[in-house]
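**Q** A single structure is presented below for examination.
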Amino acid sequence: MRMSNMFSRTLREAPNGAESKGYEYLLRAGFIKQLGAGIFSLLPLGFKSTKKIENIVRQEMDRIGGQEILMPVVNPGDLWKESGRYYSIDKELARFKDRVGRDMVLAMTHEEAVTDIARGEIDSYKRLPLFVYQIQTKFRDDPRPRAGLIRVREFTMKDAYSFDRDQAGLEKIYADNYRAYFRIYDRCGLPSIAVSSDTGMMGGKVAHEYMYLSPIGEDTIIICDECGYTANRQIAEIRKEYLKEEEKPIEKIATPHAKTIDDLAEFLDIPASKTCKAVFMVGSFINDRTGEEEDKLIAAFIRGDMEVEEAKLQHAAGANSLRPAHEEEITACGMVPGFASAIGAKGDFITIVDESAAYSNNLVAGANEEGYHYINTNFKRDYDGTVADIASAREGHLCPKCGKPLKARKGIEIGNIFQLGTKYSEAMNCTFQDETGVQKPCIMGCYGIGIGRLLACLAEEYNDEDGLKLPITVAPYEVHLVSLVKDQEIAEKIYEDLLNSGIEVLYDDRKESAGVKFADADLIGIPIRITLGNRSLKEGKVEVKLRSTGETTSYDISDLAKEIKAEIAKERAKIEDNIVEKNL
RNA sequence: CGGGUAGUAGCGCAGGGGCUAGCGCACUUGGUUCGGGACCAAGGGGUCGGUGGUUCAAAUCCACUCUGCCCGACCA
């Protein structure tokens with residue numbers, strides 16, 4: 001590619017709103033261009049990188065037996081009504097009507113579409129297992145896109161789907177994907193960890209998320225350095241110590257102005273762990289057959305020294321979504337915000353009690369009367385409810401596996417794998433006949449990687465004060481040929497030679513000053529830079545500089561292509577040698 | 001969806017009722033320079049986000065509206 005003819009140009013200054021380095025450089029180097037909130041075009045350099053990432057993904061999917069297909073972005077709404085997600089997913093699912101008024105959706109994932117195909121293909125256990133994938137556009141109308149390609153509305157995703165006859169089959173392909181994902185990130189050069197995760201709108205039971213740890217991440221990951229336990233905070237468990245003691249008689253006491261746990265603990269001169277905190281949410285419960293929606297108050301109780309994790313609470317209550325409750329909704333059930341407990345409450349609401357509160361004795365809790373609390377309240381004796389783990393794991397809490405203190409880190413989700421089970425196959429009647437003639441639902445799994453987000457994370461990981469320095473496996477070109485010579489003929493010849501040797505070359509043939517060319521080369525960050533200068537050329541030499549290390553070598557022009565191929569192989573080896581097989 | 005902030009040339013910004021709307025970079029032409037964002041000279045480019053209003057006069061004041069960004073709610 002000749003830079004004199006390149007569609008995109010570099011920018012000297014960062015466009016307004018590029019707050020992270022990676023995003024800024026992707027914009028300035030001309031990899032991407034914003035079209036609207038959360039909507040980006042890929043320019044030639046960004047598209048090249050994206051294709052490289054896609055090809056790595058493709059190779060690894062093929063390697064574990066994946067068959068590439070392509071499904072439509074536009075799906076009939078009826079299909080999504082079958083799975084129930086037409087109703088259970090809110091505005092994030094973009095809907096429209098076609099010319100005859102049929103409900104249509106822009107697919108945000110493809111469980112429905114693939115299950116529809118599979119139910120037509122799969123009749124016998126002999127057809128299983130099956131594993132397909134696609135690399136395709138998704139649209140999710142995110143309420144708040146941000147940080148460039150990190151969180152967007154339209155994006156390219158590799159999504160894969162497996163169909164098995166039993167759990168053992170699913171677990172095998174799940175483990176294959178688990179390994180393949182690490183190989184993909186390793187081959188892209190992106191550090192990654194796998195964490196146990198929530199299943200969210202996908203449904204199913206077992207799931208892992210792959211995270212790139214970064215301060216700009218929006219997910220919080222709980223990590224145990226000691227035993228390797230890792231989980232998204234949404235589901236991270238902690239070892240809880242219960243304050244067991246002899247039950248004492250309940251007693252109402254005056255606690256004027258003690259509305260918060262801190263106030264209360266200070267007023268009574270007790271630790272927060274001797275109190276019980278109430279958190280009120282309203283859950284939306286959607287009937288996914290009819291789309292009918294019902295709101296219900298959820299009262300969550302947890303020991304005063306802990307916080308409620310909303311995702312856990314949502315699961316425990318079986319709600320589709322949660323929002324904070326309004327004061328009237330709480331008082332309608334006989335509870336008084338600031339002085340609330342389940343004791344003496346009435347009306348239709350769901351009570352979820354964290355283990356910390358349920359298994360500790362003699363806690364101070366609200367008396368549902370302005371200015372009063374009960375001391376020595378005990379679960380079961382004084383109030384009832386569903387016991388669940390709804391505690392939010394924080395740095396310093398104890399590891400559920402080994403009991404050592406946990407750490408909290410920020411991360412960006414770069415992929416996920418789900419054991420779906422039969423959620424979609426049952427809802428959509430995707431069954432097979434086993435040896436005994438019995439119809440059974442296929443056991444499904446799904447596996448996703450956001451391609452653009454991966455590029456964004458790579459840009460975040462690989463940059464310095466001069467620009468990007470993507471690894472050679474994902475950089476748009478292998479070699480940047482910078483010509484500083486007056487007589488372009490020799491440069492043209494070298495360019496041709498390199499191309500003929502099968503090397504991917506970005507050729508700066510522009511009539512620009514050396515400084516401009518070097519600055520642009522650093523900004524775009526192609527791994528190997530060849531500089532053609534008048535002086536060294538007279539001696540038959542050219543300079544080769546690595547973007548990653550700054551290391552410079554001088555080569556004879558006569559065997560340049562051969563030497564460059566060796567350099568490329570070395571750069572590739574730097575990445576490929578770091579591929580580590582990681583098993584589930 | 002709530003709070004904040006901003007829309008003026010490709011990018012970054014200034015101007016804040018008055019005559020041809022500026023600056024830096026970028027762009028065009030000519031010349032000099034030529035290994036780390038060169039210099040000189042001459043040029044080209046803008047419905048001042050949109051609509052409506054106030055006024056003799058609006059980029060500037062007012063109302064509404066659209067869009068971007070940040071924080072939160074939210075989210076794979």
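Residue names in the structure tokens use chain letters A, B, ... in the order shown, residue numbers from 1 in each chain, and ligand numbers from 1 in the order shown.
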Find the residues near Asp219 in chain A: any atom within 9 Å, counting only C-alpha atoms (C1' of nucleotides), skip ones fewer than 6 places away on the same chain, and give them as a PyMOL selection string.

**A** chain A and resi 211+232-234+409-413

**Q** Within 9 Å of chain A, which residues of chain B are there when counting only C-alpha atoms (C1' of nucleotides)? Please give them as a compact mmCIF listing (two decimals) with all heavy atoms, in the first residue's frame.

**A**
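result04.txt written:
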# COMPACT_ATOMS: atom_id res chain seq x y z
P C B 1 -35.08 8.82 26.30
OP1 C B 1 -36.16 7.88 26.08
OP2 C B 1 -35.16 10.18 25.78
O5' C B 1 -34.82 8.94 27.88
C5' C B 1 -35.90 8.90 28.77
C4' C B 1 -35.37 8.77 30.16
O4' C B 1 -34.44 7.64 30.23
C3' C B 1 -34.53 9.93 30.68
O3' C B 1 -35.31 11.01 31.11
C2' C B 1 -33.76 9.27 31.82
O2' C B 1 -34.57 9.15 32.96
C1' C B 1 -33.47 7.88 31.24
N1 C B 1 -32.12 7.80 30.66
C2 C B 1 -31.03 7.70 31.54
O2 C B 1 -31.25 7.69 32.75
N3 C B 1 -29.78 7.62 31.05
C4 C B 1 -29.58 7.64 29.72
N4 C B 1 -28.34 7.57 29.28
C5 C B 1 -30.67 7.75 28.80
C6 C B 1 -31.91 7.82 29.32
P C B 11 -13.50 17.54 11.50
OP1 C B 11 -14.28 16.42 12.06
OP2 C B 11 -14.07 18.90 11.46
O5' C B 11 -12.10 17.60 12.23
C5' C B 11 -11.44 16.40 12.65
C4' C B 11 -10.17 16.74 13.37
O4' C B 11 -9.27 17.42 12.45
C3' C B 11 -10.31 17.75 14.50
O3' C B 11 -10.79 17.17 15.70
C2' C B 11 -8.89 18.27 14.62
O2' C B 11 -8.03 17.33 15.23
C1' C B 11 -8.51 18.39 13.15
N1 C B 11 -8.83 19.73 12.61
C2 C B 11 -7.97 20.79 12.91
O2 C B 11 -6.98 20.57 13.63
N3 C B 11 -8.24 22.02 12.43
C4 C B 11 -9.32 22.22 11.68
N4 C B 11 -9.54 23.46 11.23
C5 C B 11 -10.22 21.16 11.36
C6 C B 11 -9.95 19.94 11.84
P G B 12 -11.62 18.08 16.70
OP1 G B 12 -12.10 17.17 17.75
OP2 G B 12 -12.56 18.95 15.98
O5' G B 12 -10.47 19.01 17.31
C5' G B 12 -9.43 18.45 18.10
C4' G B 12 -8.47 19.53 18.50
O4' G B 12 -7.88 20.12 17.33
C3' G B 12 -9.10 20.72 19.22
O3' G B 12 -9.32 20.43 20.59
C2' G B 12 -8.05 21.80 19.00
O2' G B 12 -6.94 21.62 19.85
C1' G B 12 -7.63 21.50 17.55
N9 G B 12 -8.42 22.29 16.60
C8 G B 12 -9.54 21.90 15.90
N7 G B 12 -10.03 22.84 15.14
C5 G B 12 -9.19 23.92 15.34
C6 G B 12 -9.20 25.22 14.79
O6 G B 12 -10.00 25.70 13.98
N1 G B 12 -8.16 26.01 15.27
C2 G B 12 -7.22 25.59 16.17
N2 G B 12 -6.30 26.47 16.53
N3 G B 12 -7.19 24.37 16.70
C4 G B 12 -8.19 23.60 16.25
P C B 25 0.91 26.83 11.42
OP1 C B 25 2.38 26.77 11.36
OP2 C B 25 0.16 27.64 10.45
O5' C B 25 0.32 25.35 11.38
C5' C B 25 0.97 24.29 12.09
C4' C B 25 0.10 23.06 12.09
O4' C B 25 -1.21 23.39 12.60
C3' C B 25 -0.19 22.45 10.73
O3' C B 25 0.88 21.67 10.21
C2' C B 25 -1.41 21.61 11.04
O2' C B 25 -1.06 20.43 11.74
C1' C B 25 -2.17 22.54 11.98
N1 C B 25 -3.15 23.36 11.21
C2 C B 25 -4.35 22.74 10.83
O2 C B 25 -4.54 21.56 11.17
N3 C B 25 -5.24 23.43 10.11
C4 C B 25 -5.00 24.69 9.76
N4 C B 25 -5.90 25.33 9.04
C5 C B 25 -3.78 25.35 10.13
C6 C B 25 -2.89 24.64 10.86
P A B 26 1.11 21.61 8.65
OP1 A B 26 2.21 20.66 8.43
OP2 A B 26 1.20 23.00 8.13
O5' A B 26 -0.25 20.97 8.10
C5' A B 26 -0.52 19.59 8.26
C4' A B 26 -1.87 19.25 7.68
O4' A B 26 -2.90 20.05 8.33
C3' A B 26 -2.04 19.58 6.20
O3' A B 26 -1.50 18.57 5.36
C2' A B 26 -3.56 19.68 6.08
O2' A B 26 -4.16 18.41 6.08
C1' A B 26 -3.89 20.40 7.39
N9 A B 26 -3.87 21.85 7.19
C8 A B 26 -2.91 22.74 7.61
N7 A B 26 -3.15 23.97 7.26
C5 A B 26 -4.35 23.90 6.57
C6 A B 26 -5.14 24.87 5.93
N6 A B 26 -4.83 26.16 5.90
N1 A B 26 -6.26 24.46 5.32
C2 A B 26 -6.58 23.16 5.34
N3 A B 26 -5.92 22.14 5.91
C4 A B 26 -4.80 22.58 6.52
P C B 34 19.48 20.59 2.39
OP1 C B 34 20.77 20.64 3.11
OP2 C B 34 19.45 20.52 0.91
O5' C B 34 18.63 19.39 2.94
C5' C B 34 18.22 19.32 4.31
C4' C B 34 17.20 18.22 4.45
O4' C B 34 16.08 18.47 3.56
C3' C B 34 17.75 16.85 4.10
O3' C B 34 17.30 15.90 5.02
C2' C B 34 17.19 16.58 2.71
O2' C B 34 16.93 15.21 2.44
C1' C B 34 15.85 17.33 2.77
N1 C B 34 15.44 17.76 1.42
C2 C B 34 14.25 17.25 0.87
O2 C B 34 13.55 16.49 1.55
N3 C B 34 13.91 17.61 -0.38
C4 C B 34 14.69 18.43 -1.07
N4 C B 34 14.31 18.76 -2.31
C5 C B 34 15.90 18.96 -0.55
C6 C B 34 16.24 18.60 0.69
P G B 35 18.30 14.75 5.55
OP1 G B 35 19.11 15.36 6.64
OP2 G B 35 18.98 14.06 4.45
O5' G B 35 17.24 13.72 6.20
C5' G B 35 16.20 14.17 7.05
C4' G B 35 16.24 13.40 8.35
O4' G B 35 16.26 11.98 8.01
C3' G B 35 17.48 13.65 9.19
O3' G B 35 17.17 13.53 10.56
C2' G B 35 18.40 12.52 8.82
O2' G B 35 19.29 12.16 9.83
C1' G B 35 17.39 11.39 8.59
N9 G B 35 17.87 10.35 7.69
C8 G B 35 18.25 10.47 6.38
N7 G B 35 18.63 9.35 5.86
C5 G B 35 18.50 8.41 6.89
C6 G B 35 18.77 7.03 6.92
O6 G B 35 19.20 6.33 6.02
N1 G B 35 18.49 6.50 8.16
C2 G B 35 18.01 7.20 9.23
N2 G B 35 17.79 6.51 10.34
N3 G B 35 17.75 8.49 9.22
C4 G B 35 18.02 9.02 8.03
P G B 36 16.50 14.53 11.49
OP1 G B 36 16.74 15.90 11.00
OP2 G B 36 16.80 14.18 12.89
O5' G B 36 15.00 14.09 11.20
C5' G B 36 13.96 15.05 11.01
C4' G B 36 12.96 14.91 12.11
O4' G B 36 12.60 13.50 12.24
C3' G B 36 13.45 15.35 13.49
O3' G B 36 12.36 15.90 14.19
C2' G B 36 13.81 14.04 14.17
O2' G B 36 13.68 14.11 15.57
C1' G B 36 12.75 13.11 13.59
N9 G B 36 13.10 11.70 13.62
C8 G B 36 14.24 11.10 13.18
N7 G B 36 14.22 9.80 13.36
C5 G B 36 12.99 9.55 13.95
C6 G B 36 12.39 8.34 14.37
O6 G B 36 12.86 7.20 14.30
N1 G B 36 11.13 8.54 14.90
C2 G B 36 10.53 9.76 15.02
N2 G B 36 9.32 9.77 15.55
N3 G B 36 11.05 10.90 14.63
C4 G B 36 12.29 10.72 14.11
P G B 37 11.95 17.47 13.80
OP1 G B 37 12.97 18.26 13.09
OP2 G B 37 11.37 17.93 15.09
O5' G B 37 10.79 17.19 12.77
C5' G B 37 9.64 16.47 13.18
C4' G B 37 8.50 16.86 12.30
O4' G B 37 7.36 16.06 12.63
C3' G B 37 8.08 18.33 12.43
O3' G B 37 7.59 18.71 11.15
C2' G B 37 6.90 18.23 13.40
O2' G B 37 5.96 19.27 13.15
C1' G B 37 6.29 16.91 13.01
N9 G B 37 5.53 16.16 14.00
C8 G B 37 5.62 16.06 15.35
N7 G B 37 4.74 15.23 15.87
C5 G B 37 4.03 14.77 14.77
C6 G B 37 2.95 13.87 14.67
O6 G B 37 2.39 13.25 15.55
N1 G B 37 2.53 13.71 13.36
C2 G B 37 3.09 14.35 12.28
N2 G B 37 2.58 14.08 11.10
N3 G B 37 4.11 15.19 12.34
C4 G B 37 4.51 15.36 13.63
P A B 38 8.59 19.41 10.14
OP1 A B 38 7.74 19.69 8.94
OP2 A B 38 9.83 18.63 10.05
O5' A B 38 9.02 20.76 10.87
C5' A B 38 8.72 21.98 10.28
C4' A B 38 10.01 22.63 9.81
O4' A B 38 10.64 21.82 8.78
C3' A B 38 9.76 23.96 9.13
O3' A B 38 9.63 24.98 10.12
C2' A B 38 11.00 24.12 8.27
O2' A B 38 12.10 24.55 9.03
C1' A B 38 11.24 22.66 7.82
N9 A B 38 10.65 22.38 6.51
C8 A B 38 9.66 21.49 6.20
N7 A B 38 9.35 21.45 4.93
C5 A B 38 10.21 22.37 4.36
C6 A B 38 10.39 22.79 3.02
N6 A B 38 9.70 22.31 1.99
N1 A B 38 11.32 23.74 2.79
C2 A B 38 12.02 24.22 3.82
N3 A B 38 11.95 23.90 5.12
C4 A B 38 11.01 22.96 5.32
P U B 67 -30.80 12.98 18.29
OP1 U B 67 -31.01 11.64 17.73
OP2 U B 67 -31.19 13.29 19.69
O5' U B 67 -29.25 13.36 18.14
C5' U B 67 -28.59 13.18 16.90
C4' U B 67 -27.22 13.79 16.95
O4' U B 67 -27.32 15.22 17.22
C3' U B 67 -26.31 13.30 18.07
O3' U B 67 -25.75 12.04 17.80
C2' U B 67 -25.28 14.42 18.12
O2' U B 67 -24.38 14.34 17.04
C1' U B 67 -26.17 15.65 17.94
N1 U B 67 -26.60 16.21 19.25
C2 U B 67 -25.69 17.02 19.91
O2 U B 67 -24.58 17.27 19.47
N3 U B 67 -26.13 17.52 21.11
C4 U B 67 -27.34 17.29 21.71
O4 U B 67 -27.59 17.81 22.79
C5 U B 67 -28.22 16.44 20.97
C6 U B 67 -27.83 15.93 19.78
P G B 68 -25.32 11.08 19.01
OP1 G B 68 -25.10 9.75 18.43
OP2 G B 68 -26.26 11.24 20.14
O5' G B 68 -23.93 11.70 19.46
C5' G B 68 -22.82 11.66 18.58
C4' G B 68 -21.70 12.50 19.12
O4' G B 68 -22.17 13.85 19.35
C3' G B 68 -21.16 12.09 20.48
O3' G B 68 -20.28 10.99 20.38
C2' G B 68 -20.45 13.36 20.91
O2' G B 68 -19.23 13.52 20.22
C1' G B 68 -21.44 14.42 20.42
N9 G B 68 -22.37 14.85 21.47
C8 G B 68 -23.70 14.57 21.59
N7 G B 68 -24.26 15.11 22.64
C5 G B 68 -23.22 15.80 23.26
C6 G B 68 -23.21 16.58 24.43
O6 G B 68 -24.15 16.84 25.19
N1 G B 68 -21.94 17.08 24.70
C2 G B 68 -20.83 16.88 23.93
N2 G B 68 -19.70 17.44 24.35
N3 G B 68 -20.83 16.15 22.82
C4 G B 68 -22.05 15.65 22.55
P C B 69 -20.26 9.92 21.57
OP1 C B 69 -19.42 8.82 21.09
OP2 C B 69 -21.62 9.65 22.07
O5' C B 69 -19.49 10.72 22.71
C5' C B 69 -18.12 11.07 22.54
C4' C B 69 -17.70 12.01 23.64
O4' C B 69 -18.53 13.19 23.61
C3' C B 69 -17.90 11.48 25.06
O3' C B 69 -16.86 10.62 25.45
C2' C B 69 -17.92 12.78 25.86
O2' C B 69 -16.61 13.30 26.00
C1' C B 69 -18.71 13.69 24.93
N1 C B 69 -20.16 13.70 25.24
C2 C B 69 -20.60 14.49 26.31
O2 C B 69 -19.76 15.14 26.95
N3 C B 69 -21.92 14.52 26.62
C4 C B 69 -22.78 13.80 25.91
N4 C B 69 -24.07 13.87 26.25
C5 C B 69 -22.36 12.98 24.82
C6 C B 69 -21.05 12.96 24.52
P C B 70 -17.18 9.46 26.48
OP1 C B 70 -16.01 8.58 26.48
OP2 C B 70 -18.53 8.91 26.24
O5' C B 70 -17.24 10.24 27.87
C5' C B 70 -16.08 10.86 28.40
C4' C B 70 -16.44 11.61 29.66
O4' C B 70 -17.37 12.67 29.33
C3' C B 70 -17.19 10.80 30.71
O3' C B 70 -16.33 10.00 31.49
C2' C B 70 -17.85 11.91 31.52
O2' C B 70 -16.93 12.55 32.36
C1' C B 70 -18.27 12.87 30.41
N1 C B 70 -19.65 12.63 29.93
C2 C B 70 -20.71 13.12 30.72
O2 C B 70 -20.44 13.72 31.76
N3 C B 70 -21.98 12.92 30.29
C4 C B 70 -22.21 12.27 29.15
N4 C B 70 -23.48 12.10 28.78
C5 C B 70 -21.15 11.75 28.34
C6 C B 70 -19.89 11.95 28.77
P A B 73 -24.20 3.53 38.57
OP1 A B 73 -24.21 2.80 39.85
OP2 A B 73 -23.31 3.08 37.48
O5' A B 73 -25.68 3.59 38.00
C5' A B 73 -26.80 3.61 38.88
C4' A B 73 -28.08 3.69 38.10
O4' A B 73 -28.02 4.83 37.21
C3' A B 73 -28.35 2.52 37.16
O3' A B 73 -28.92 1.40 37.81
C2' A B 73 -29.30 3.15 36.15
O2' A B 73 -30.58 3.33 36.69
C1' A B 73 -28.64 4.51 35.98
N9 A B 73 -27.61 4.42 34.94
C8 A B 73 -26.24 4.36 35.10
N7 A B 73 -25.57 4.27 33.97
C5 A B 73 -26.57 4.27 33.00
C6 A B 73 -26.53 4.18 31.60
N6 A B 73 -25.40 4.09 30.92
N1 A B 73 -27.70 4.19 30.93
C2 A B 73 -28.85 4.29 31.65
N3 A B 73 -29.02 4.37 32.96
C4 A B 73 -27.83 4.36 33.59
P C B 74 -28.34 -0.06 37.46
OP1 C B 74 -29.29 -1.03 38.03
OP2 C B 74 -26.91 -0.10 37.84
O5' C B 74 -28.43 -0.14 35.88
C5' C B 74 -29.67 -0.28 35.21
C4' C B 74 -29.43 -0.30 33.72
O4' C B 74 -28.61 0.84 33.36
C3' C B 74 -28.63 -1.48 33.20
O3' C B 74 -29.43 -2.63 33.01
C2' C B 74 -28.08 -0.94 31.89
O2' C B 74 -29.05 -0.95 30.88
C1' C B 74 -27.77 0.50 32.27
N1 C B 74 -26.35 0.67 32.67
C2 C B 74 -25.40 0.87 31.67
O2 C B 74 -25.77 0.89 30.49
N3 C B 74 -24.10 1.02 32.02
C4 C B 74 -23.73 0.98 33.30
N4 C B 74 -22.44 1.14 33.59
C5 C B 74 -24.68 0.77 34.35
C6 C B 74 -25.96 0.62 33.99
P C B 75 -28.77 -4.09 33.24
OP1 C B 75 -29.84 -5.07 33.05
OP2 C B 75 -27.96 -4.11 34.47
O5' C B 75 -27.79 -4.20 31.99
C5' C B 75 -28.31 -4.29 30.68
C4' C B 75 -27.19 -4.12 29.68
O4' C B 75 -26.46 -2.93 29.99
C3' C B 75 -26.13 -5.21 29.69
O3' C B 75 -26.55 -6.34 28.94
C2' C B 75 -24.96 -4.49 29.04
O2' C B 75 -25.10 -4.43 27.64
C1' C B 75 -25.10 -3.09 29.62
N1 C B 75 -24.25 -2.88 30.81
C2 C B 75 -22.89 -2.65 30.60
O2 C B 75 -22.44 -2.63 29.45
N3 C B 75 -22.08 -2.45 31.67
C4 C B 75 -22.59 -2.48 32.90
N4 C B 75 -21.77 -2.28 33.92
C5 C B 75 -23.98 -2.72 33.13
C6 C B 75 -24.77 -2.92 32.06
P A B 76 -26.49 -7.80 29.65
OP1 A B 76 -27.63 -8.55 29.12
OP2 A B 76 -26.31 -7.67 31.11
O5' A B 76 -25.15 -8.40 29.05
C5' A B 76 -24.89 -9.78 29.19
C4' A B 76 -23.55 -10.00 28.55
O4' A B 76 -23.66 -9.81 27.13
C3' A B 76 -22.50 -9.00 28.98
O3' A B 76 -21.85 -9.42 30.14
C2' A B 76 -21.58 -8.91 27.77
O2' A B 76 -20.63 -9.92 27.79
C1' A B 76 -22.54 -9.15 26.62
N9 A B 76 -22.97 -7.87 26.04
C8 A B 76 -24.11 -7.16 26.30
N7 A B 76 -24.21 -6.06 25.59
C5 A B 76 -23.06 -6.06 24.81
C6 A B 76 -22.57 -5.18 23.85
N6 A B 76 -23.21 -4.06 23.49
N1 A B 76 -21.41 -5.46 23.25
C2 A B 76 -20.77 -6.58 23.62
N3 A B 76 -21.12 -7.49 24.51
C4 A B 76 -22.30 -7.17 25.07

**Q** State, in Å with one decimal place, the distance from CA of Lys81 in chain A to CA of Thr290 in chain A.

**A**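 Taking CA of Lys81 in chain A and CA of Thr290 in chain A, their separation equals 8.8 Å.
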
**Q** Using DSSP secondary structure from the backbone, list all alpha helix (DSSP H) positions within range 219-345 of chain A, as JSON, numbers by chain.

**A** {"A": [261, 262, 263, 264, 265, 266, 267, 268, 310, 311, 312, 313, 314, 315, 316, 317, 327, 328, 329, 330, 331]}

**Q** What does the file look like for those residues with N, CA and C atoms, as an mmCIF file, in the first residue's frame?

**A**
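The result, stored in again.cif:
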data_model
loop_
_atom_site.group_PDB
_atom_site.id
_atom_site.type_symbol
_atom_site.label_atom_id
_atom_site.label_comp_id
_atom_site.auth_asym_id
_atom_site.auth_seq_id
_atom_site.Cartn_x
_atom_site.Cartn_y
_atom_site.Cartn_z
ATOM 1 N N ILE A 261 -26.471 2.707 58.446
ATOM 2 C CA ILE A 261 -25.776 1.716 59.262
ATOM 3 C C ILE A 261 -24.652 2.380 60.063
ATOM 4 N N ASP A 262 -23.961 3.334 59.405
ATOM 5 C CA ASP A 262 -22.881 4.034 60.105
ATOM 6 C C ASP A 262 -23.408 4.777 61.331
ATOM 7 N N ASP A 263 -24.524 5.513 61.134
ATOM 8 C CA ASP A 263 -25.143 6.234 62.246
ATOM 9 C C ASP A 263 -25.484 5.273 63.390
ATOM 10 N N LEU A 264 -26.110 4.176 62.979
ATOM 11 C CA LEU A 264 -26.612 3.212 63.940
ATOM 12 C C LEU A 264 -25.471 2.586 64.736
ATOM 13 N N ALA A 265 -24.426 2.196 64.030
ATOM 14 C CA ALA A 265 -23.286 1.551 64.689
ATOM 15 C C ALA A 265 -22.622 2.516 65.660
ATOM 16 N N GLU A 266 -22.559 3.772 65.229
ATOM 17 C CA GLU A 266 -21.925 4.766 66.090
ATOM 18 C C GLU A 266 -22.792 5.051 67.327
ATOM 19 N N PHE A 267 -24.091 5.189 67.087
ATOM 20 C CA PHE A 267 -25.018 5.491 68.167
ATOM 21 C C PHE A 267 -25.040 4.399 69.241
ATOM 22 N N LEU A 268 -25.025 3.149 68.776
ATOM 23 C CA LEU A 268 -25.089 2.035 69.725
ATOM 24 C C LEU A 268 -23.704 1.552 70.148
ATOM 25 N N GLU A 310 -26.222 -6.588 43.097
ATOM 26 C CA GLU A 310 -27.520 -6.574 42.418
ATOM 27 C C GLU A 310 -27.754 -7.775 41.519
ATOM 28 N N ALA A 311 -26.706 -8.187 40.798
ATOM 29 C CA ALA A 311 -26.889 -9.318 39.876
ATOM 30 C C ALA A 311 -27.284 -10.576 40.643
ATOM 31 N N LYS A 312 -26.662 -10.770 41.802
ATOM 32 C CA LYS A 312 -27.007 -11.940 42.620
ATOM 33 C C LYS A 312 -28.432 -11.837 43.131
ATOM 34 N N LEU A 313 -28.805 -10.622 43.547
ATOM 35 C CA LEU A 313 -30.154 -10.411 44.065
ATOM 36 C C LEU A 313 -31.191 -10.682 42.979
ATOM 37 N N GLN A 314 -30.882 -10.207 41.770
ATOM 38 C CA GLN A 314 -31.798 -10.409 40.645
ATOM 39 C C GLN A 314 -32.027 -11.905 40.396
ATOM 40 N N HIS A 315 -30.936 -12.676 40.433
ATOM 41 C CA HIS A 315 -31.053 -14.125 40.261
ATOM 42 C C HIS A 315 -31.865 -14.758 41.380
ATOM 43 N N ALA A 316 -31.549 -14.368 42.612
ATOM 44 C CA ALA A 316 -32.203 -14.980 43.769
ATOM 45 C C ALA A 316 -33.703 -14.720 43.728
ATOM 46 N N ALA A 317 -34.065 -13.545 43.209
ATOM 47 C CA ALA A 317 -35.482 -13.192 43.161
ATOM 48 C C ALA A 317 -36.146 -13.701 41.893
ATOM 49 N N GLU A 327 -39.886 5.351 47.644
ATOM 50 C CA GLU A 327 -40.247 5.319 49.057
ATOM 51 C C GLU A 327 -41.677 4.807 49.281
ATOM 52 N N GLU A 328 -42.620 5.229 48.393
ATOM 53 C CA GLU A 328 -44.028 4.817 48.565
ATOM 54 C C GLU A 328 -44.163 3.304 48.418
ATOM 55 N N GLU A 329 -43.337 2.730 47.533
ATOM 56 C CA GLU A 329 -43.440 1.288 47.307
ATOM 57 C C GLU A 329 -43.000 0.513 48.549
ATOM 58 N N ILE A 330 -42.058 1.112 49.295
ATOM 59 C CA ILE A 330 -41.574 0.452 50.511
ATOM 60 C C ILE A 330 -42.596 0.598 51.641
ATOM 61 N N THR A 331 -43.076 1.819 51.787
ATOM 62 C CA THR A 331 -44.029 2.062 52.884
ATOM 63 C C THR A 331 -45.342 1.315 52.651
#

**Q** Please provide the set of residues having any atom within 10 Å of C13 in chain B, restricted to only C-alpha atoms (C1' of nucleotides), with same-chain residues fewer than 3 positions apart removed, written as a PDB file with N, CA, C and O atoms (P, O5', C5', C4', C3', O3' and C1' of nucleotides), in the first residue's frame.

**A**
ATOM      1  P     U B   8     -18.336  22.905  15.695  1.00  0.00           P
ATOM      2  O5'   U B   8     -18.576  24.453  15.431  1.00  0.00           O
ATOM      3  C5'   U B   8     -19.438  24.875  14.405  1.00  0.00           C
ATOM      4  C4'   U B   8     -18.943  26.156  13.802  1.00  0.00           C
ATOM      5  C3'   U B   8     -17.501  26.121  13.315  1.00  0.00           C
ATOM      6  O3'   U B   8     -17.360  25.476  12.066  1.00  0.00           O
ATOM      7  C1'   U B   8     -17.820  28.070  14.579  1.00  0.00           C
ATOM      8  P     C B  23      -6.478  34.577  10.173  1.00  0.00           P
ATOM      9  O5'   C B  23      -5.888  33.746  11.391  1.00  0.00           O
ATOM     10  C5'   C B  23      -5.233  34.425  12.458  1.00  0.00           C
ATOM     11  C4'   C B  23      -4.880  33.457  13.559  1.00  0.00           C
ATOM     12  C3'   C B  23      -4.181  32.185  13.118  1.00  0.00           C
ATOM     13  O3'   C B  23      -2.807  32.395  12.857  1.00  0.00           O
ATOM     14  C1'   C B  23      -5.871  31.645  14.671  1.00  0.00           C
ATOM     15  P     G B  24      -2.079  31.502  11.764  1.00  0.00           P
ATOM     16  O5'   G B  24      -1.854  30.127  12.527  1.00  0.00           O
ATOM     17  C5'   G B  24      -0.988  30.060  13.657  1.00  0.00           C
ATOM     18  C4'   G B  24      -1.005  28.669  14.225  1.00  0.00           C
ATOM     19  C3'   G B  24      -0.815  27.551  13.208  1.00  0.00           C
ATOM     20  O3'   G B  24       0.547  27.347  12.878  1.00  0.00           O
ATOM     21  C1'   G B  24      -2.630  27.032  14.614  1.00  0.00           C
TER      22        G B  24
END
